[in-house]
Each structure stands twice: as C-alpha cells, then as structure tokens.
Amino acid sequence: MLTKFETKSNRVKGLSFHSKRPWILASLHSGVIQLWDYRMGTLIDRFDEHDGPVRGVHFHKSQPLFVSGGDDYKIKVWNYKLHRCLFTLLGHLDYIRTVQFHHDNPWIVSASDDQTIRIWNWQSRTCISVLTGHNHYVMCASFHPKEDLVVSASLDQTVRVWDIGALKKKSGSPPDDMFRLTQMNTDLFGGVDAVVKYVLEGHDRGVNWAAFHPTLPLIVSGADDRQVKLWRMNDTKAWEVDTLRGHMNNVSCVMFHAKQDIIVSNSEDKSIRVWDVTRRTGVQTFRREHDRFWILAAHPEMNLLAAGHDSGMIVFKLERERPAFALSGDSLFYVKDRFLRYYEFSTQKDAQVTPIRRPGSTSLNQSPRTLSYSPTENAVLICSDLEGGSYELYTIPKDSIGKGDTVQDARRGVGGSAVFVARNRFAVLDRSNNQVLVKNLKNEVVKKGILPIICDAIFYAGTGNLLCRAEDRVVIFDLQQRLVLGDLQTPFIKYVVWSNDMESVALLSKHAIIIASKKLVHQCTLHETIRVKSGAWDDNGVFIYTTLNHIKYCLPNGDSGIVRTLDVPIYITKVSGNTIFCLDRDGKSRAIVIDATEYIFKLSLLKKKYDNVMSMIRSSQLCGQAVIAYLQQKGFPEVALHFVKDERTRFNLALESGNIQIAVASATAIDEKDYWYRLGVEALRQGNAGIVEYAYQRTKNFERLSFLYLITGNMEKLSKMLKIAEVKNDVMGQFHNALYLGDVRERIKILENVGHLPLAYITASVHGLQDVAEGIAAKLGDNVPSLPEGKVPSLLIPPTPVMCGGDWPLLRVIKGIFEGGLESRAHDVEEDEAVEGNWGEDLEMVDPDSLQNGDVTAILEDGEVAEENEEDGGWDLEDLELPPEAETPKASANARSSVFVAPTPGMPVSQIWSQRSSLAAEHAAAGNFDTAMRLLNRQLGIKNFAPLRSLFLDLHNGSHSYLRAFSSSPVISLAIERGWNESASPNVRGPPALVFNFSQLDEKLRAGYKATTTGKFNDALRLFLGILHTIPLIVVESRREVDEVKELIIIVKEYVLGLKMELKRRELRDDPVRQQELAAYFTHCNLQAAHLRLALQNAMTVCFKAKNLATAATFARRLLETNPTLENQAKQARQVLQAAERNLTDAAELNYDFRNPFVTCGATYVPIYRGQKDVSCSYCTARFVPDQEGQICNICELAVIGADASGLMCSPAQIR
C-alpha cells in the first residue's frame, strides 16, 4: 500500500474523488464537509451547513456540483465554484446514508434509515421516484455505471437490485396523446417507475454495502456477519458465487477495483483487505492501530483509492505504476504486463522481447522495480521486491527481439538491488552484511567488498563504480580500489539520472532535485512542493524533469521553469531536441513535442552565447513579464527592452541599462512629472547636461535649472533665469540667481527692494561699492550697522565651474553585443524587412544635441515647453530609376550609431579576495567580516569576537589605501596586494596585504618573556593574550611555518594559564592553602627554564612559610635538578632542604600530588589527573573539567570549550 496523502480530522463517513482535478471530498461525523487537494496536501474549502453527521457525499462527473446527505434528513446540492449550497431536497424521514449522482441523467439516488430509496431530479428539484421494499434501514444505494439498475443494501439482511428503465422512459418526451393519457393515469393512480429485479439473500446479519462491477455482471456485498459475498446476475436471476471470509468485525464498505481483478473491503476491525476475484482468496491486509474504517472510494479514472476512518482518511495506491526501464543509446528496454519490451527512438518501433516469469506469491507490488542493461552482452537484469528483494538475469539472443514468444531461462538470486558495473559483471547488494557481491553472467560470485556506508540501494555510477544510497546521503564507491570518490548529504534519493557524458548526475528525491558533478560536488538544489516523478538530460546539459502535473527544466545554475502542464504523470526516458520520449502509467511509449525556446534562451544567456540570444529575440515569440523580469534580474535590461511595448516598463528598463535616448522617448510619451524628474537624475549621473536641462524645463524646475547652469558655467542662461524670477516675482529665486551669477549690484538692488537695507548696506560696503553704500546709509540715517572690527571680510563669489558648456566627456567604449547587434540586423536580412518586422510603433528618438533649449523665457510665456513644429509634409523622397547592376554599398553598422554603453564594472577586488580564499584574515581584509567570523567559527570554534574587533578593522584599513582626486569627487580606495611587484600582470589580483605577520609575534613573545622575568605579570599576560588573539588572523606561506604557528599557540597557552593562576594567587590574601596549591600548579606549566626556576623558587618560599615543609622540599629538589645559574637560588634551595629534613611534615593537606602526572583546568585551576575525563578548547587546546563544556575558554577568551572545529587554517599551502 503506497500512501499518497493522509488527513487528521473527525470521523470520516463519506468520500468522493473529483474525476478531473486532484480533489477529494470528505464528509465528517461532525457535520463538516472538507474539500482537499490530495496532490498538494492542502485543504481548499470547508462546507458546514448540515446539522449533525454527513454520511454521504458525491461529486458530479462534469458539472461544478456535489451532493451531500446527512442526519438532518436533508440532501444538499452545492456548487464548489460559488462556495455555497444551491438548494436542499426534503422528503426523507430519517438519517440519509448515501447519495450519488447518475452518470448521464440529472438524477440523484439516496438511501435512508426511513427504509426507502429515493431518486430525485436535481434540475427540477423534485423527487421522481420512491423505491420501497426494504423493511429495515437502507445502508447504501448506487446506480449501475452503464445499465438502468440500482443496487441497495439494507440491515434487513438483503441486497436488492432495482430496474429503473421505466423511469428513463418517463423522463423522456412523450411521443403522442395516447401516451400522454396513460402517463396522466399513472401520475394519478400511482405507477411503477422502479421495480425490484432481484432480492439477494444469503447474509446472516444486516448488509452495510453493495456495489456493481464496472463492466461484468457481478455484485459484491459486505455485512455485519463479517463476510464479503460475490454475486452474479443475468437477465432473469441472480445467485451467490462465493464468500470471502477473513474480517474480524462488521464489513463497512466493499468495492471492485476498476483496473485489476481485485476486491477491496474495509471493516470496523481496523483493516483494509484486498481479495483476488479469480482465486477468491485474500491477497493483502493493511491495518491501523486504533481506527475503525467506515468508507471506501475509488478514483473514476486513476489508480487511486481512499479510505475513511475514525480519525481522518488516507488516499493510497495498491501498486506502483512506474514501469521499470533502462536506456541504451537509441533504444529503450522496459517491462509491461509481464513482458520485457524493446523500443527504438529513431523509428518509434516497439517490440516484445521475452516473457518474464509471474511471481509465485499472490501479494501486491511484486512487479519489477528497476532494470539494468548491458549492451555488449545483450543481458538484462530485472529487480523486484519479491522475497524481500531479488533479481533475474536474462541473456537475449540478438535475433529474438521482435519475436518475443520464447520463454528465456533466467538466472535468479536474492539481493536488495542489482546493476551492471562492467560489460559482463554486475553488482548485487547484500543488505544483511552491508556488502556488495560482484558476479559474472553465469551468476557466480567473482568478488566481495564491504561498502563504506550502511546503504539500502546501489546505482550505476560509471564503469566499476557504484553510487550507494543511505537514508541521508549518497557516496560514489570505486569497487576496484575500494575508495570513496565522492560523498554528498542529500534527502532520501529515489532515482539517479546520469548525463550522456557521465559528467553530471541528477539525484531525485520525493520533493527535491540535487544536481552534482561526477565526483558528487554539489552544484544546485531545487525544491518542489509536488512529488518529482522522473527526469532526463537534454543535449545541452539542461535537466528536464516531471512532477505529477508539469514538465519542468533546471539550468546548470539552478534556475528552473515550467515547460508545459500534464494531465497524467509520465516517466521521461529520453530528451532529444524538442521531443521528450516517455512511458505513461500504462507502459505505453509516447513522444511529446515541447517548446524549448525559453530554456534554450536562458541557457544561451547563461553561457554568454549572445549570437544565439540575438537570433532568438528576432525570430521567436518569446515575451511576457516572466522573461522580462528574468532578463532584468540577470542584469540584461537592454535585452529586455526589445520585448517591451509598455512605455512605463520601457522607461524603467532604459534607465536601468543607461539608454538615455529610449528613456527620453518614453518620458515624452508618458509626459508625467515624476518620469521627467527620474530622467533628469539619470542624465545627470551620465553627465548629459542637455537632457538634464530638457527634463528640468519640462517640469519647470527652476531651482534645479539655475544650479545646473551654475555648475556647467552657462552664465547667459543664468541671467535669463534671473529675468524669469523677476517676472514671476520670486524674490528668493532672484537672489539665488544673482548670487550664482556673482552679480553684487543685483543682489544689493534685490535687498533694497524688499526692505533689507542693513543687509544691502553691508553687502555694498564689503564688496567695496562705496558710492552705493553711501546712498543706502543716507536712507538708513542713524541706523547704519557697524562692521565688526579687526576682521577681513570674505566675498561671496561663485566657484569656477569644473567644466564650461557641453556634456561631461563619456568613456568611449565598444557597443554592447545586444546594442549593436539588435540595431544593425544581420547582413543577410534586407533593410526594408527590418522596418516591416513586428516591433510595434517606431520610437520617436530624441537626439540630445538637437533639443531646442532655445530661449528659456519662452517657457514662461507659453506656460508649456516649446514644442518642435511638426510639419505636415514628411520626407519628399522619390524613387530613383537606377540601372540594375549598380549596387549601393551599405554603410557599416557601427558607423551609423554613436550610442555608447558605459563598460560594466568589473568584480570588486574585495569580492575576488573573498572568493579565492578560505583564510579568515583575507576575508577580514576584504571587509567581509561576516564570512571571516563564520570561517573562524568553523575552523577554530571561536564564538566571542569582541577581542578581535579592532584587529578586523586594522586588517581592513591596512589592506586599502585612499587617494583624493579633486575636491568635488569622492575618495578613491585602492586595494594593496601582498607580494606585488612591477612585473605582475595587471589583470591578475594578488592576495591582500596584511598588517599582521609572524615576525611581529616573535617580537611580542620575546617582550612577554622579558616582562615575565621582571615580574610584570599583568603586562606579560596582556602581551601573551595579544599573541593568542592575533594568531587566527595570521597568514604564512609554507607548511613549516604553519607548524611553527601551531607550536607558538601551545607555548603562549602555557604562559597565559600560569600567569592567570599566579595573579589569582596574589588576590587570595586570606586562603593560604589555596595560595600554595596555585603556586604548586604554576610549576607544572611548560615554561622556559629561567621562568620555571622562578616559579619553583616562588612555590618553595610560599610552602616553607606556611610550614608545609615536605612539599617545600619537593620544590627545592626540583629547583636543584634544573642546575640554577644564580647562586642565591641554589643556596636557598639547599637551606630549605636541610630545614625540612629535620621535620618532613606538612601543616596543611594540599590538593596536589606531584607523583601523579596532571594538567590544570584553565577555568577552575584544579588538577585533572591522568585517566580523568576532560574537555579541551578547540583553538588553544587548554584543558578543562567536563562541566565547563560549552563555555567560552578562559585562556584564549575566544573559542567555545569542546566545540567541533576543523583546525587552524593560516596558509594557502594547507588548501592546495
């Protein structure tokens, strides 16, 4: 049983499949009717107008209707498109058990606990017949799929078959008056519309269900006596054929399978049983733990069943429908109806090869699952689930293809899966021992090999290689060398499809497709909401695949799209050009022609085959929002322009691709303020002053116009702007324009006119216009403002423009492939054809040089922009009568157009650095702090990045230099490369220069040693921690240096641990025992000899003072063993030894055993003796007691204790 969909809900009493859409109706005991999409697994709608349980529900075959009947005695007819109940049919006097539409007539049949069956006309909304005769509840009633019969089952222990032929005649149009009279009589005195044809007696208890066979004259029934009975009928009588026993409780529902000779029944014993009609035996049983089954439904056209139980329903299939097949060059071998068949793609010839044996057992799902073919030996391996997995090997004589009647003797064997791995060798999976057996064509084991992972299936992966599948990954295993060639984490893989050149593989799981290389290097993953069914590679390296309802494509970069929709699922076998060859669920070979334009177009863009793109744009019907959006997203707005007719979209695309001409034309057509403004912004960015001016004029944006004239140095137009401001009485505008012009007298005049006399006086005085100043002073009288003493005034004079007049110089570049190509047609295309082409209306191209910016004052007078005069005439061109042989040479394409596209910016250096490196230091130098932190986390388990912040910033700043060009332009940043010299190629980027190097750390280490010797422990600790913090951001060149760096970590870690313990000891004034312990542990750090002596002397002194003479003596002995060079150290040690030998005792017991080797925990400072459990820091390797796991390391202050990490990466040599 293959479950396709499952729901959790209240008890399901009624089910009905839609004939065309993937929908199922479920009516619940709670009174709700649910509409599910079983393919997507979503609830589409719910209908809840019934009061009480709804026991029956049924979809109409062709109309958007369904009918339901419930315990509220109502039959409701619903329209699922309108989401409402259309009408209610009343008449039954008790619960309604089942309802069903007739396949042809507008009838509904209903069965009820009122002991009647009613037939209703849903068009006239009346009851047209009441079938009486049962003397207990009628549990179900249904129409015969072809004949005028109804079958019903009742708790009176009978099944009745009713003839409703008379009803059909009655509902037809009456042919004459005589018939009309008899019709009237029957209406008045009650006629017989439906008569009982047979009463089937044989059940000992009430019958719950009865159903017709779709084609044969058979009936099946199920009852409370736990039996399923099979009945046969002819024109005159019906009789019992057989009884199927096995259910342990009441049989709720039973039906014939439409496609196979089987009966499916379910029961309150919590099981679904499948019976063989011909053998009359049970084939299979499916059980649920806690839920009784109540109802079954079969899909009218597909191999799907549904069953309703106490807590929901399941949609399921009894058998797989995917035919087993194998591809070989131009031919296909596949299995259909117990025959091995052969199909040739080129001739589309289909032939039978050989019968394959039927399985001995009667259980379902024993059909072949996979097929493997060896073309040289003409041998076929067929695998099935028989006996828990087995295979059969057939060797086909060359001449027998097409005859296909001789039964081949197959060599058989047991194995999870079997595939050919060489010409005459095949591999069989032995799951119990997780090994693979390589066999020859005589079915003899040649070789055995243990598999690298516990796997449940094997697939072909090239000669001598196997692709092994586990639950969550796949590996490629070389059988000869017994090596793993590739490993990839994946969801559970169902099918494996190799490309024709065996360079790429598609791994198909239930809802995903993973594309990988032949070594299983991941390329892309696609996720589908609907189940993936099959796939094949086309000749261009595009993967074409099918889901339940679409054919789709996947490009090498992971972009995907729909090729076409499907009515029924298919299994692709081969893709050749525009033809998809496939097998359908009936095992028939089909060829489907598809339109591959879209994905070939996208592939050409991806592979930069721009000539293909060009020809496709010209010839094909590719267009639509999706293609435009795709081109825009992939950075080809100039190509998208050629698909678009809508002016607004054209405008946006033109701006994006920097095509000012088209943008101007579109803005003119749209003529809205916002568009002109955006055009002005883009033109300004390109330095096209003419267009900027035109755009500002169209929007009457005088302030911006004035400023534009100022920066382009157009004084003449600026003075006109001043006049415009005067006419408009815009004082602020006047003042600004006067300021831009540097016209002091005009400014003074404006200030005087608006009454700002003090400001006017100061302006005149500062600019040295004494005569004017005196005139204003006379007007001011006593209120003349005093100028500040001792200050030199600076004059408000406008700056010199960067460029006077014209546009900014643009970089002259070669036209983009699309620009030049799309404007100048290919040589073989006639010029006048180009005009006729289907490109919409011609553009009104506005040439920026010819824009009439004329007299700006005209804008004011007309209130509109001065339009160019449109002449009525057009071009007066007459045909010249030229002699036929004089051919006019065509101008070269590039000479015609002077539009240049700005070059596309190259990849930023920081991006190149990041892409090429997996060293954290180089990512930090590139400014990619995020990826640098991720790398450090992965490599060293670092989680606390606060100490590294300043180092990251130093690295980034140190790898760039900054240049100022001129005042109005931004600062230019330049990348500094490591190891650059003048002979280096300008196109090849070196790695970034780094401010930290290994030699600096050496100096720091020496400084740390010195500080330790002089007893400046805080300074020493700061220096050693600095080294630990810098090492993750160091890059060295050779492997030897990498070892030195790792050695340095260990040295520094020991010093940090020792110094931290010593500083802690000095804080503990009132705990002499702990002081002695810490001093003792310090002597077990791996220090330089001089420092070790100092530590031993220190520990000896501390213990001696605390009267721990025995312990002090051990330190004295160890000190003397180091041969101290300082005489006072040796002397002191001897004195302590002499004093201790008189009284070898300890005043206090210490947690310290010098005989037992130990390391000190970096957090709690307690000894961890050999054999005790510990955890270590993933970076500095300091050791800790187990309960510190997951904390930040106390020694390096960076990494997490016990984290998984791959190890320090500090050299490109490690990556190579």
# chains A, B, ... in the order shown; residues from 1 in each chain; ligands from 1
>>> residues_around(residues="A:Tyr709", least_positions_apart="2", cutoff="10 Å", atoms="only C-alpha atoms", output="PyMOL selection string")
chain A and resi 689+693+704-707+711-719+721+737+740-741+801+804-805
>>> write_last_selection(atoms="C-alpha atoms", output="PDB file, in the first residue's frame")
ATOM      1  CA  ALA A 689      23.717  68.223 -19.436  1.00  0.00           C
ATOM      2  CA  GLU A 693      18.254  70.745 -18.907  1.00  0.00           C
ATOM      3  CA  ARG A 704      17.491  72.895 -10.292  1.00  0.00           C
ATOM      4  CA  LEU A 705      17.885  74.562 -13.702  1.00  0.00           C
ATOM      5  CA  SER A 706      19.689  77.503 -12.099  1.00  0.00           C
ATOM      6  CA  PHE A 707      22.026  75.205 -10.227  1.00  0.00           C
ATOM      7  CA  ILE A 711      27.913  74.046 -12.391  1.00  0.00           C
ATOM      8  CA  THR A 712      28.103  73.970 -16.208  1.00  0.00           C
ATOM      9  CA  GLY A 713      29.145  77.650 -16.263  1.00  0.00           C
ATOM     10  CA  ASN A 714      26.307  78.774 -18.551  1.00  0.00           C
ATOM     11  CA  MET A 715      26.181  82.439 -17.457  1.00  0.00           C
ATOM     12  CA  GLU A 716      23.962  83.526 -20.342  1.00  0.00           C
ATOM     13  CA  LYS A 717      21.167  81.140 -19.356  1.00  0.00           C
ATOM     14  CA  LEU A 718      21.666  82.018 -15.670  1.00  0.00           C
ATOM     15  CA  SER A 719      20.950  85.693 -16.415  1.00  0.00           C
ATOM     16  CA  MET A 721      16.772  82.610 -15.160  1.00  0.00           C
ATOM     17  CA  ASN A 737      20.404  83.603  -9.335  1.00  0.00           C
ATOM     18  CA  TYR A 740      25.147  82.285  -8.670  1.00  0.00           C
ATOM     19  CA  LEU A 741      25.994  84.981 -11.234  1.00  0.00           C
ATOM     20  CA  PRO A 801      32.722  75.525 -12.823  1.00  0.00           C
ATOM     21  CA  CYS A 804      32.156  75.013 -19.008  1.00  0.00           C
ATOM     22  CA  GLY A 805      29.460  74.331 -21.604  1.00  0.00           C
TER      23      GLY A 805
END
>>> select_by_dssp(residues="stretch 553-797 of chain A", states="strand (DSSP E)", output="count of residues only")
26
>>> closest_residue(among="A:Cys1196, A:Val220, A:Leu318, A:Ile530", to="A:Leu1021", atoms="only C-alpha atoms")
A:Cys1196
>>> residues_around(residues="A:Gln1088", least_positions_apart="5", cutoff="12 Å", atoms="only C-alpha atoms", output="number ranges by chain")
A: 1005-1006, 1008-1010, 1012-1013, 1051-1052, 1054-1055, 1058, 1083, 1093-1095, 1122
>>> write_last_selection(atoms="all heavy atoms", output="CSV table (one decimal), in the first residue's frame")
chain,number,residue,atom,x,y,z
A,1005,LEU,N,56.5,37.8,21.6
A,1005,LEU,CA,56.8,36.7,22.5
A,1005,LEU,C,58.0,37.0,23.4
A,1005,LEU,O,58.0,36.8,24.6
A,1005,LEU,CB,57.1,35.4,21.7
A,1005,LEU,CG,57.4,34.2,22.5
A,1005,LEU,CD1,56.1,33.7,23.2
A,1005,LEU,CD2,57.8,33.0,21.5
A,1006,ARG,N,59.1,37.6,22.7
A,1006,ARG,CA,60.3,38.0,23.5
A,1006,ARG,C,60.0,39.0,24.6
A,1006,ARG,O,60.5,39.0,25.7
A,1006,ARG,CB,61.4,38.5,22.5
A,1006,ARG,CG,62.1,37.3,21.8
A,1006,ARG,CD,63.4,37.7,21.3
A,1006,ARG,NE,63.3,38.6,20.1
A,1006,ARG,CZ,63.1,38.2,18.9
A,1006,ARG,NH1,63.0,36.9,18.6
A,1006,ARG,NH2,62.9,39.0,17.9
A,1008,GLY,N,57.1,39.4,26.0
A,1008,GLY,CA,56.4,38.7,27.0
A,1008,GLY,C,57.3,38.0,28.0
A,1008,GLY,O,57.1,38.0,29.2
A,1009,TYR,N,58.3,37.3,27.4
A,1009,TYR,CA,59.3,36.6,28.3
A,1009,TYR,C,60.0,37.6,29.2
A,1009,TYR,O,60.2,37.3,30.4
A,1009,TYR,CB,60.4,36.0,27.4
A,1009,TYR,CG,59.9,34.7,26.7
A,1009,TYR,CD1,60.7,34.2,25.6
A,1009,TYR,CD2,58.8,34.0,27.1
A,1009,TYR,CE1,60.3,33.0,24.9
A,1009,TYR,CE2,58.4,32.8,26.5
A,1009,TYR,CZ,59.2,32.3,25.4
A,1009,TYR,OH,58.8,31.2,24.7
A,1010,LYS,N,60.4,38.8,28.6
A,1010,LYS,CA,61.1,39.8,29.4
A,1010,LYS,C,60.3,40.3,30.6
A,1010,LYS,O,60.7,40.4,31.7
A,1010,LYS,CB,61.5,40.9,28.5
A,1010,LYS,CG,62.5,41.9,29.1
A,1010,LYS,CD,63.0,42.9,28.1
A,1010,LYS,CE,63.9,43.9,28.7
A,1010,LYS,NZ,64.2,45.0,27.8
A,1012,THR,N,57.8,38.7,32.0
A,1012,THR,CA,57.7,37.6,33.0
A,1012,THR,C,58.9,37.6,33.9
A,1012,THR,O,58.8,37.5,35.1
A,1012,THR,CB,57.5,36.3,32.2
A,1012,THR,OG1,56.5,36.4,31.3
A,1012,THR,CG2,57.1,35.2,33.2
A,1013,THR,N,60.1,37.7,33.3
A,1013,THR,CA,61.3,37.6,34.1
A,1013,THR,C,61.3,38.8,35.1
A,1013,THR,O,61.7,38.5,36.3
A,1013,THR,CB,62.5,37.7,33.1
A,1013,THR,OG1,62.4,36.8,32.1
A,1013,THR,CG2,63.8,37.5,33.9
A,1051,ILE,N,52.9,27.2,23.3
A,1051,ILE,CA,53.8,27.9,24.2
A,1051,ILE,C,53.0,29.0,25.0
A,1051,ILE,O,53.1,29.1,26.2
A,1051,ILE,CB,55.0,28.5,23.4
A,1051,ILE,CG1,55.9,27.4,22.8
A,1051,ILE,CG2,55.8,29.5,24.3
A,1051,ILE,CD1,56.9,27.9,21.8
A,1052,VAL,N,52.3,29.9,24.2
A,1052,VAL,CA,51.6,31.0,24.7
A,1052,VAL,C,50.5,30.6,25.7
A,1052,VAL,O,50.4,31.2,26.8
A,1052,VAL,CB,51.1,31.9,23.6
A,1052,VAL,CG1,50.3,33.0,24.2
A,1052,VAL,CG2,52.2,32.5,22.8
A,1054,GLU,N,50.4,28.0,27.6
A,1054,GLU,CA,51.0,27.6,28.9
A,1054,GLU,C,51.3,28.8,29.8
A,1054,GLU,O,51.1,28.9,31.0
A,1054,GLU,CB,52.3,26.8,28.7
A,1054,GLU,CG,52.1,25.4,28.1
A,1054,GLU,CD,51.4,24.4,29.0
A,1054,GLU,OE1,51.6,24.5,30.2
A,1054,GLU,OE2,50.7,23.6,28.5
A,1055,TYR,N,51.9,29.9,29.1
A,1055,TYR,CA,52.2,31.1,29.9
A,1055,TYR,C,50.9,31.8,30.4
A,1055,TYR,O,50.9,32.3,31.5
A,1055,TYR,CB,53.0,32.0,29.0
A,1055,TYR,CG,54.5,31.8,29.2
A,1055,TYR,CD1,55.1,30.8,28.3
A,1055,TYR,CD2,55.3,32.4,30.1
A,1055,TYR,CE1,56.5,30.5,28.5
A,1055,TYR,CE2,56.6,32.1,30.3
A,1055,TYR,CZ,57.2,31.2,29.5
A,1055,TYR,OH,58.6,30.9,29.6
A,1058,GLY,N,49.6,29.9,33.4
A,1058,GLY,CA,50.5,30.1,34.6
A,1058,GLY,C,50.3,31.5,35.2
A,1058,GLY,O,50.1,31.6,36.4
A,1083,THR,N,54.1,25.6,38.8
A,1083,THR,CA,55.4,24.9,38.5
A,1083,THR,C,55.2,23.8,37.5
A,1083,THR,O,56.2,23.3,37.0
A,1083,THR,CB,56.0,24.4,39.7
A,1083,THR,OG1,55.2,23.3,40.2
A,1083,THR,CG2,56.2,25.4,40.8
A,1093,ARG,N,62.4,28.0,37.0
A,1093,ARG,CA,63.2,28.2,38.3
A,1093,ARG,C,62.5,29.2,39.2
A,1093,ARG,O,62.4,29.0,40.4
A,1093,ARG,CB,64.6,28.6,38.0
A,1093,ARG,CG,65.4,27.5,37.4
A,1093,ARG,CD,66.9,27.9,37.2
A,1093,ARG,NE,67.5,27.0,36.2
A,1093,ARG,CZ,68.1,27.5,35.1
A,1093,ARG,NH1,68.1,28.7,34.8
A,1093,ARG,NH2,68.6,26.6,34.2
A,1094,LEU,N,62.1,30.3,38.6
A,1094,LEU,CA,61.5,31.4,39.4
A,1094,LEU,C,60.2,30.8,40.0
A,1094,LEU,O,59.9,31.1,41.2
A,1094,LEU,CB,61.2,32.6,38.5
A,1094,LEU,CG,62.4,33.4,38.1
A,1094,LEU,CD1,62.1,34.4,37.0
A,1094,LEU,CD2,63.0,34.1,39.3
A,1095,ALA,N,59.4,30.1,39.2
A,1095,ALA,CA,58.1,29.5,39.7
A,1095,ALA,C,58.4,28.5,40.8
A,1095,ALA,O,57.7,28.6,41.8
A,1095,ALA,CB,57.4,28.8,38.5
A,1122,THR,N,67.4,21.5,38.2
A,1122,THR,CA,67.4,22.4,36.9
A,1122,THR,C,68.8,23.1,36.8
A,1122,THR,O,69.0,23.9,35.9
A,1122,THR,CB,66.4,23.5,36.9
A,1122,THR,OG1,66.6,24.4,38.1
A,1122,THR,CG2,65.0,22.9,37.0
>>> residues_around(residues="A:Glu1077", least_positions_apart="3", cutoff="10 Å", atoms="only C-alpha atoms", output="list in words")
Met1061, Arg1065, Pro1072, Val1073, Arg1074, Ala1080, Tyr1081, Phe1082, Ala1099, Val1102, Cys1103, Glu1149, Leu1150, Asn1151, Tyr1152, Tyr1165, Val1166 and Pro1167 of chain A
>>> residues_around(residues="stretch 418-425 of chain A", least_positions_apart="4", cutoff="12 Å", atoms="only C-alpha atoms", output="PyMOL selection string")
chain A and resi 326+368-385+389-393+395+412-414+429-431+436-447+456-468+477-480
>>> closest_residue(among="A:Trp239, A:Phe286, A:Phe1104, A:Phe492", to="A:Leu200", atoms="only C-alpha atoms")
A:Trp239
>>> closest_residue(among="A:Asn701, A:Ser589, A:Asn1194, A:Thr281", to="A:Leu1057", atoms="only C-alpha atoms")
A:Asn1194
>>> residues_around(residues="A:Tyr962", least_positions_apart="4", cutoff="7 Å", atoms="only C-alpha atoms", output="ChimeraX atom specification")
/A:971-974
>>> write_last_selection(atoms="C-alpha atoms", output="mmCIF file, in the first residue's frame")
data_model
loop_
_atom_site.group_PDB
_atom_site.id
_atom_site.type_symbol
_atom_site.label_atom_id
_atom_site.label_comp_id
_atom_site.auth_asym_id
_atom_site.auth_seq_id
_atom_site.Cartn_x
_atom_site.Cartn_y
_atom_site.Cartn_z
ATOM 1 C CA VAL A 971 37.820 59.498 -2.238
ATOM 2 C CA ILE A 972 39.081 56.534 -4.287
ATOM 3 C CA SER A 973 40.032 53.410 -2.371
ATOM 4 C CA LEU A 974 42.826 51.242 -3.733
#
>>> closest_residue(among="A:Cys1180, A:Ile262, A:Ala1007, A:Leu653", to="A:Glu1047", atoms="only C-alpha atoms")
A:Cys1180
>>> closest_residue(among="A:Thr649, A:Tyr394, A:Asp114, A:Asp51", to="A:Val353", atoms="only C-alpha atoms")
A:Tyr394
>>> closest_residue(among="A:Val12, A:Thr1101, A:Ser918, A:Met907", to="A:Ile1215", atoms="only C-alpha atoms")
A:Ser918
>>> residues_around(residues="A:Asn928", least_positions_apart="3", cutoff="9 Å", atoms="only C-alpha atoms", output="NGL selection string")
:A and (910-911 or 914 or 922-925 or 931-933 or 956)
